[in-house]
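Data file: target-v4.csv. Format and content: CSV, C-alpha atoms.
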```csv
chain,number,residue,atom,x,y,z
A,17,MET,CA,75.9,35.9,82.3
A,18,THR,CA,73.7,32.8,82.0
A,19,VAL,CA,70.9,32.6,84.5
A,20,GLU,CA,69.6,29.0,84.9
A,21,GLN,CA,66.4,27.7,86.3
A,22,ARG,CA,66.9,26.6,90.0
A,23,ASP,CA,69.8,29.0,90.5
A,24,VAL,CA,69.7,31.1,93.7
A,25,TYR,CA,70.9,34.8,93.6
A,26,LEU,CA,71.0,37.6,96.0
A,27,PHE,CA,69.0,40.7,95.1
A,28,PRO,CA,69.4,44.1,96.6
A,29,PRO,CA,66.5,46.0,98.2
A,30,THR,CA,65.0,48.7,96.0
A,31,HIS,CA,63.1,51.0,98.2
A,32,ASP,CA,64.3,50.6,101.8
A,33,PHE,CA,68.1,50.3,102.3
A,34,GLU,CA,67.6,49.1,105.8
A,35,LEU,CA,66.2,45.9,104.4
A,36,GLU,CA,68.5,42.9,103.9
A,37,HIS,CA,69.3,41.5,100.5
A,38,HIS,CA,67.1,38.6,99.8
A,39,PRO,CA,68.0,35.4,98.0
A,40,PHE,CA,65.7,34.5,95.1
A,41,ILE,CA,65.2,31.1,93.4
A,42,VAL,CA,65.0,31.4,89.6
A,43,LEU,CA,61.8,29.9,88.2
A,44,SER,CA,62.0,30.7,84.5
A,45,THR,CA,64.0,28.6,82.0
A,46,ARG,CA,67.4,29.6,80.6
A,47,GLU,CA,65.9,30.2,77.1
A,48,ALA,CA,63.4,32.7,78.5
A,49,ASN,CA,66.1,34.3,80.7
A,50,GLU,CA,68.5,34.9,77.8
A,51,TYR,CA,65.8,36.5,75.7
A,52,GLU,CA,65.9,39.9,77.3
A,53,GLY,CA,68.4,39.5,80.2
A,54,THR,CA,65.5,39.2,82.7
A,55,PHE,CA,64.2,36.3,84.8
A,56,VAL,CA,61.3,35.4,87.0
A,57,ALA,CA,62.2,34.4,90.6
A,58,VAL,CA,60.6,33.7,93.9
A,59,MET,CA,61.7,35.3,97.2
A,60,ILE,CA,63.3,33.4,100.1
A,61,THR,CA,63.1,34.7,103.6
A,62,SER,CA,63.8,33.5,107.1
A,63,SER,CA,61.1,35.7,108.7
A,64,THR,CA,59.0,34.1,111.3
A,65,VAL,CA,56.5,36.9,111.1
A,66,PHE,CA,55.5,36.0,107.5
A,67,HIS,CA,55.3,32.2,107.7
A,68,ASP,CA,52.0,30.8,106.6
A,69,ASP,CA,50.3,28.5,104.0
A,70,LEU,CA,52.0,30.5,101.2
A,71,SER,CA,55.4,29.5,102.7
A,72,PHE,CA,57.4,26.6,101.1
A,73,ASP,CA,59.8,25.4,103.8
A,74,LEU,CA,63.4,25.0,102.6
A,75,GLU,CA,66.0,22.6,104.0
A,76,ASP,CA,69.7,22.4,103.5
A,77,GLU,CA,69.3,19.0,101.7
A,78,MET,CA,67.2,20.6,99.0
A,79,PHE,CA,70.2,22.6,97.7
A,80,GLU,CA,73.7,21.9,96.5
A,81,ASN,CA,75.1,24.0,99.4
A,82,PRO,CA,73.7,24.6,102.9
A,83,LEU,CA,71.4,27.6,103.3
A,84,PRO,CA,72.9,30.6,105.1
A,85,LYS,CA,70.0,30.9,107.5
A,86,LYS,CA,67.9,28.3,109.3
A,87,ASN,CA,64.1,28.3,108.9
A,88,SER,CA,64.3,29.6,105.4
A,89,HIS,CA,61.1,29.5,103.3
A,90,ALA,CA,60.1,30.6,99.8
A,91,ARG,CA,57.2,33.1,99.8
A,92,MET,CA,55.3,31.4,97.0
A,93,HIS,CA,53.2,34.4,96.0
A,94,LEU,CA,56.1,36.8,95.9
A,95,ILE,CA,57.2,36.1,92.4
A,96,THR,CA,59.3,38.9,90.9
A,97,LEU,CA,60.7,39.9,87.6
A,98,CYS,CA,64.4,40.4,88.0
A,99,ILE,CA,67.0,41.9,85.7
A,100,ASN,CA,70.4,40.2,85.4
A,101,GLU,CA,72.5,43.4,86.0
A,102,HIS,CA,70.9,43.9,89.4
A,103,ILE,CA,72.2,40.6,90.7
A,104,LYS,CA,74.4,41.0,93.8
A,105,GLY,CA,77.6,38.9,93.3
A,106,ALA,CA,77.7,35.4,91.8
A,107,ARG,CA,75.3,32.5,92.1
A,108,ILE,CA,75.0,31.5,95.8
A,109,ASN,CA,73.2,28.2,95.5
A,110,ARG,CA,71.2,25.8,93.3
A,111,MET,CA,68.1,23.9,94.2
A,112,LYS,CA,67.9,20.1,93.5
A,113,PRO,CA,65.5,19.1,90.7
A,114,ILE,CA,63.2,16.9,92.8
A,115,TYR,CA,62.5,19.7,95.3
A,116,PHE,CA,62.3,22.4,92.6
A,117,LYS,CA,59.5,20.3,91.1
A,118,GLN,CA,57.6,20.3,94.4
A,119,LEU,CA,58.1,24.0,94.7
A,120,MET,CA,56.7,24.6,91.2
A,121,LYS,CA,53.8,22.3,91.9
A,122,SER,CA,53.0,24.2,95.1
A,123,ILE,CA,53.2,27.6,93.4
A,124,GLY,CA,51.0,26.3,90.5
A,125,ASP,CA,48.5,24.9,92.9
A,126,LEU,CA,48.4,27.4,95.7
A,127,VAL,CA,49.1,30.7,93.8
A,128,PHE,CA,47.7,30.1,90.3
A,129,ASN,CA,45.4,27.2,90.7
A,130,TYR,CA,47.2,25.7,87.7
A,131,ASP,CA,49.2,22.5,87.0
A,132,PHE,CA,52.9,23.6,86.6
A,133,THR,CA,54.2,20.0,86.2
A,134,PRO,CA,56.8,20.0,83.4
A,135,LEU,CA,56.3,18.0,80.2
A,136,ASN,CA,59.5,15.9,80.5
B,18,MET,CA,36.5,10.1,106.9
B,19,LEU,CA,39.0,10.3,109.8
B,20,SER,CA,38.4,13.3,112.1
B,21,ILE,CA,41.2,15.9,112.3
B,22,PRO,CA,42.3,14.7,115.7
B,23,LEU,CA,42.7,11.2,114.3
B,24,TYR,CA,44.7,12.5,111.4
B,25,ASP,CA,46.9,14.3,113.9
B,26,THR,CA,47.3,11.1,116.0
B,27,PHE,CA,48.1,9.1,112.9
B,28,LEU,CA,50.7,11.7,111.8
B,29,GLN,CA,52.3,11.9,115.2
B,30,ARG,CA,52.7,8.1,115.1
B,31,GLN,CA,54.1,8.2,111.6
B,32,TYR,CA,56.6,10.9,112.6
B,33,LYS,CA,57.7,8.9,115.7
B,34,ASP,CA,58.3,5.8,113.5
B,35,ALA,CA,60.2,7.8,110.9
B,36,ALA,CA,62.3,9.5,113.6
B,37,ARG,CA,63.1,6.2,115.4
B,38,GLU,CA,64.1,4.5,112.1
B,39,THR,CA,66.2,7.5,111.1
B,40,LYS,CA,68.0,7.4,114.4
B,41,LYS,CA,68.8,3.7,114.1
B,42,ILE,CA,70.1,4.2,110.5
B,43,ARG,CA,72.3,7.1,111.7
B,44,ILE,CA,73.8,4.8,114.5
B,45,ALA,CA,74.3,2.0,112.0
B,46,ILE,CA,76.3,4.3,109.7
B,47,ARG,CA,78.3,5.8,112.6
B,48,PHE,CA,79.5,2.3,113.6
B,49,ASP,CA,80.1,1.5,110.0
B,50,PHE,CA,78.9,-2.1,110.5
B,51,GLN,CA,82.5,-2.9,111.6
B,52,PHE,CA,81.6,-5.4,114.2
B,53,VAL,CA,78.6,-7.2,112.7
B,54,THR,CA,78.3,-10.0,110.2
B,55,ARG,CA,76.9,-9.8,106.7
B,56,PHE,CA,73.8,-11.5,108.1
B,57,PHE,CA,73.0,-8.5,110.3
B,58,VAL,CA,73.7,-6.1,107.5
B,59,ARG,CA,71.2,-7.9,105.3
B,60,LYS,CA,68.7,-8.0,108.2
B,61,ALA,CA,69.1,-4.2,108.7
B,62,VAL,CA,68.6,-3.5,105.0
B,63,LYS,CA,65.4,-5.7,105.1
B,64,LYS,CA,64.1,-3.7,108.0
B,65,ILE,CA,64.7,-0.4,106.2
B,66,ASN,CA,62.9,-1.8,103.1
B,67,ILE,CA,59.9,-2.8,105.2
B,68,PHE,CA,59.8,0.6,107.0
B,69,LEU,CA,60.0,2.5,103.7
B,70,LEU,CA,57.3,0.4,102.1
B,71,THR,CA,55.0,0.9,105.1
B,72,GLN,CA,55.6,4.6,105.0
B,73,VAL,CA,54.9,5.0,101.3
B,74,ILE,CA,51.6,3.0,101.6
B,75,GLU,CA,50.5,5.0,104.6
B,76,SER,CA,51.3,8.3,102.8
B,77,LYS,CA,49.4,7.3,99.7
B,78,GLY,CA,46.5,6.1,101.8
B,79,LEU,CA,46.4,9.4,103.7
B,80,LEU,CA,46.5,11.4,100.4
B,81,SER,CA,43.7,9.3,98.9
B,82,ASP,CA,41.5,9.7,102.0
B,83,ILE,CA,42.1,13.5,102.2
B,84,GLU,CA,41.6,14.0,98.5
B,85,SER,CA,38.3,12.2,98.5
B,86,LYS,CA,37.0,14.2,101.4
B,87,LYS,CA,38.6,17.6,100.8
B,88,ASP,CA,35.2,19.4,100.5
B,89,ALA,CA,34.4,18.5,104.1
B,90,LEU,CA,37.7,20.1,105.2
B,91,LEU,CA,37.2,23.5,103.6
B,92,GLY,CA,37.5,26.3,106.1
B,93,MET,CA,38.5,24.1,109.0
B,94,ASP,CA,41.6,25.0,111.1
B,95,LEU,CA,44.1,22.5,109.6
B,96,SER,CA,47.3,24.3,110.8
B,97,GLU,CA,48.3,21.5,113.3
B,98,THR,CA,47.9,18.8,110.6
B,99,ILE,CA,49.9,21.0,108.1
B,100,ASP,CA,52.7,21.4,110.7
B,101,SER,CA,52.8,17.6,111.3
B,102,ILE,CA,53.1,16.9,107.6
B,103,ASN,CA,55.8,19.5,107.2
B,104,ARG,CA,57.8,17.8,110.0
B,105,ILE,CA,57.4,14.4,108.3
B,106,ILE,CA,58.5,15.9,105.0
B,107,LYS,CA,61.6,17.4,106.7
B,108,LEU,CA,62.5,14.1,108.2
B,109,ASN,CA,62.1,12.2,104.9
B,110,ILE,CA,64.2,14.8,103.1
B,111,SER,CA,66.9,14.2,105.7
B,112,LEU,CA,66.4,10.4,105.5
B,113,LYS,CA,66.8,10.5,101.7
B,114,GLN,CA,70.2,12.2,102.1
B,115,ILE,CA,71.3,9.7,104.8
B,116,LEU,CA,70.2,6.6,102.9
B,117,SER,CA,71.7,7.8,99.7
B,118,GLU,CA,75.1,8.0,101.4
B,119,PHE,CA,74.4,4.7,103.2
B,120,SER,CA,73.6,3.0,99.9
B,121,ASP,CA,76.8,4.2,98.3
B,122,HIS,CA,78.7,2.9,101.4
B,123,LEU,CA,77.1,-0.5,101.1
B,124,HIS,CA,77.9,-0.7,97.4
B,125,SER,CA,81.5,0.1,98.1
B,126,LYS,CA,81.5,-2.9,100.5
B,127,ASN,CA,80.0,-5.1,97.8
B,128,TYR,CA,76.6,-5.4,99.2
B,129,GLU,CA,73.7,-5.7,96.8
B,130,VAL,CA,71.1,-3.2,97.6
B,131,ASN,CA,68.6,-1.4,95.5
B,132,SER,CA,68.4,2.4,95.6
B,133,TRP,CA,66.0,3.8,98.2
B,134,ASP,CA,65.6,7.0,96.3
B,135,PRO,CA,62.5,6.1,94.2
B,136,ILE,CA,60.4,4.9,97.2
B,137,LEU,CA,61.4,8.0,99.3
B,138,GLU,CA,60.6,10.3,96.4
B,139,GLU,CA,57.2,8.7,96.0
B,140,THR,CA,56.6,9.2,99.8
B,141,ILE,CA,57.8,12.8,99.6
B,142,ASP,CA,55.6,13.4,96.6
B,143,SER,CA,52.5,12.0,98.3
B,144,LEU,CA,53.2,14.1,101.4
B,145,TYR,CA,53.6,17.3,99.4
B,146,SER,CA,50.3,16.5,97.5
B,147,THR,CA,48.5,16.1,100.8
B,148,LEU,CA,50.1,19.3,102.1
B,149,ARG,CA,48.9,21.3,99.1
B,150,ILE,CA,45.3,20.0,99.5
B,151,LEU,CA,45.3,20.9,103.2
B,152,LYS,CA,46.8,24.4,102.6
B,153,ARG,CA,44.1,25.1,100.0
B,154,GLN,CA,41.3,24.0,102.3
B,155,ASN,CA,42.8,25.6,105.5
B,156,LYS,CA,41.0,28.5,107.2
B,157,LYS,CA,42.3,31.7,105.8
B,158,THR,CA,43.0,34.9,107.7
B,159,ARG,CA,43.8,38.2,105.9
B,160,ILE,CA,47.0,40.0,106.8
B,161,GLU,CA,48.2,43.5,105.8
B,162,THR,CA,50.6,43.8,102.9
B,163,SER,CA,54.0,42.9,104.2
B,164,SER,CA,57.3,44.7,103.6
B,165,LEU,CA,58.4,41.6,101.7
B,166,ALA,CA,55.5,42.0,99.3
B,167,ILE,CA,56.2,45.7,98.8
B,168,GLU,CA,59.9,44.9,98.2
B,169,SER,CA,59.0,42.2,95.7
B,170,SER,CA,56.6,44.4,93.7
B,171,LYS,CA,59.0,47.3,93.6
B,172,CYS,CA,61.7,45.0,92.4
B,173,SER,CA,59.4,43.8,89.6
B,174,LEU,CA,58.5,47.3,88.6
B,175,THR,CA,62.1,48.5,88.5
B,176,SER,CA,63.1,45.5,86.4
B,177,LEU,CA,60.2,46.0,84.0
B,178,GLN,CA,61.0,49.7,83.6
B,179,THR,CA,64.7,48.9,83.0
B,180,ALA,CA,63.9,46.2,80.5
B,181,THR,CA,61.4,48.3,78.7
B,182,TYR,CA,63.0,51.7,78.6
B,183,ASP,CA,66.6,50.7,79.4
B,184,ARG,CA,66.6,53.2,82.2
B,185,ARG,CA,65.2,53.6,85.7
B,186,THR,CA,62.2,55.8,86.0
B,187,THR,CA,61.7,55.6,89.7
```
Whole structure, structure tokens version:
Amino acid sequence: MTVEQRDVYLFPPTHDFELEHHPFIVLSTREANEYEGTFVAVMITSSTVFHDDLSFDLEDEMFENPLPKKNSHARMHLITLCINEHIKGARINRMKPIYFKQLMKSIGDLVFNYDFTPLN
Amino acid sequence: MLSIPLYDTFLQRQYKDAARETKKIRIAIRFDFQFVTRFFVRKAVKKINIFLLTQVIESKGLLSDIESKKDALLGMDLSETIDSINRIIKLNISLKQILSEFSDHLHSKNYEVNSWDPILEETIDSLYSTLRILKRQNKKTRIETSSLAIESSKCSLTSLQTATYDRRTT
């Protein structure tokens, strides 16, 4: 299974089965993802409780398909190492490059104080 | 430097302008320009160009002003300004989609129009840059570790253990 940068996958909860599955946006490149069958992703939620300066608001137009829930946002500091075999189902969406670039810039700036702008 | 209430007033005005123009464009697309002459289509395209140009200049001006004075903003409550910029970004993202379809439609009817994507992308980029500065300088309040954060860290741990030992240890 090839996991591409900008893909969106559902991940099951690990410690509390009452929690919903959360979608994750893949941040790492395909080359890195293929190396060990793992990838780095950021969590999406529609929670209104946790919506603050570390939230990156997401709109339907930012993706190839509409989002399943309104008021979705990426929690920029909740970056997770994921393993391919734990993915629930198939790819559910894909983020468009221009908005993915803004997401990466925001994560770089606000979470790491680092410039994540790609070379190309 | 503009005061925060002045930034907010400026952003409210910018939002209203963008919302009004977006509404007009939506109406124009709905009626498909069926009952108007090419003269009116060209006039409408010209108005869109002027609006987008004004918007990109205003967004770059705002970014430049906020960037040069960011130290003075540190620790202030900028939440309202952040919300206003988020609303304008949302509107521009929607407008980009609408204008992209409109542009394709005009091309199909043999109108010569340039793509509006680059100017809208520049506006969106400036707005996001402004947003990042404001978020960095905004007054911070600590919150308790959320269930989402616990979930995320557990997921990382499980993945790391599986990748390292090829088995789950928790």
Find the nearest atom pair between each residue of segment 36-99 of chain A and segment 111-125 of chain A for residues within 8 Å, count all atoms listed in the file, give distances in Å to one decimal, sort rows by chain and ascending number, and present the table as a Markdown table.
```
| residue | atom | partner | partner_atom | distance |
| --- | --- | --- | --- | --- |
| A:Ile41 | CA | A:Met111 | CA | 7.8 |
| A:Leu43 | CA | A:Met120 | CA | 7.9 |
| A:Phe72 | CA | A:Leu119 | CA | 6.9 |
| A:Met78 | CA | A:Lys112 | CA | 5.6 |
| A:Phe79 | CA | A:Met111 | CA | 4.3 |
| A:Glu80 | CA | A:Met111 | CA | 6.4 |
| A:Met92 | CA | A:Ile123 | CA | 5.6 |
| A:His93 | CA | A:Ile123 | CA | 7.3 |
```
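Between Leu112 of chain B and the candidates B:Asn131, B:Thr158, B:Thr179, B:Thr39, the tightest atom-to-atom separation, counting all atoms listed in the file, involves B:Thr39.
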Handout entry: Å distance separating atom CA of Ala35 of chain B from atom CA of Ile60 of chain A, one decimal place
Key = 28.0 Å
Exercise for the section: List the neighbours of segment 69-84 of chain B out to 6 Å using all atoms listed in the file; skip same-chain residues closer than 6 positions along the sequence, and give me the result as number ranges by chain. Expected result: B: 140, 143, 147
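Remark: for Ser71 of chain A, the closest of the candidate residues B:Gln31, B:Ser111, B:Asn66, B:Asn103 is B:Asn103 (distances computed over all atoms listed in the file).
Across A:Ser88, A:Asn81, A:Phe128, A:Met17, the tightest approach to Gly105 of chain A is made by A:Met17 when counting only C-alpha atoms.
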With a cut-off of 6 Å, could you pull out the residues of chain A touching chain B and give me the nearest pair of atoms for each, distance in Å to one decimal, using all atoms listed in the file, ordered by chain and ascending number, as JSON lines?
```
{"residue": "A:Asp69", "atom": "CA", "partner": "B:Lys152", "partner_atom": "CA", "distance": 5.6}
{"residue": "A:Thr96", "atom": "CA", "partner": "B:Ser173", "partner_atom": "CA", "distance": 5.1}
{"residue": "A:Leu97", "atom": "CA", "partner": "B:Ser173", "partner_atom": "CA", "distance": 4.6}
{"residue": "A:Cys98", "atom": "CA", "partner": "B:Ser176", "partner_atom": "CA", "distance": 5.5}
{"residue": "A:Ile99", "atom": "CA", "partner": "B:Ser176", "partner_atom": "CA", "distance": 5.4}
```
Grab the residues selected above and save them as an mmCIF file, keeping the file's coordinate frame with C-alpha atoms.
```
data_model
loop_
_atom_site.group_PDB
_atom_site.id
_atom_site.type_symbol
_atom_site.label_atom_id
_atom_site.label_comp_id
_atom_site.auth_asym_id
_atom_site.auth_seq_id
_atom_site.Cartn_x
_atom_site.Cartn_y
_atom_site.Cartn_z
ATOM 1 C CA ASP A 69 50.300 28.500 104.000
ATOM 2 C CA THR A 96 59.300 38.900 90.900
ATOM 3 C CA LEU A 97 60.700 39.900 87.600
ATOM 4 C CA CYS A 98 64.400 40.400 88.000
ATOM 5 C CA ILE A 99 67.000 41.900 85.700
#
```
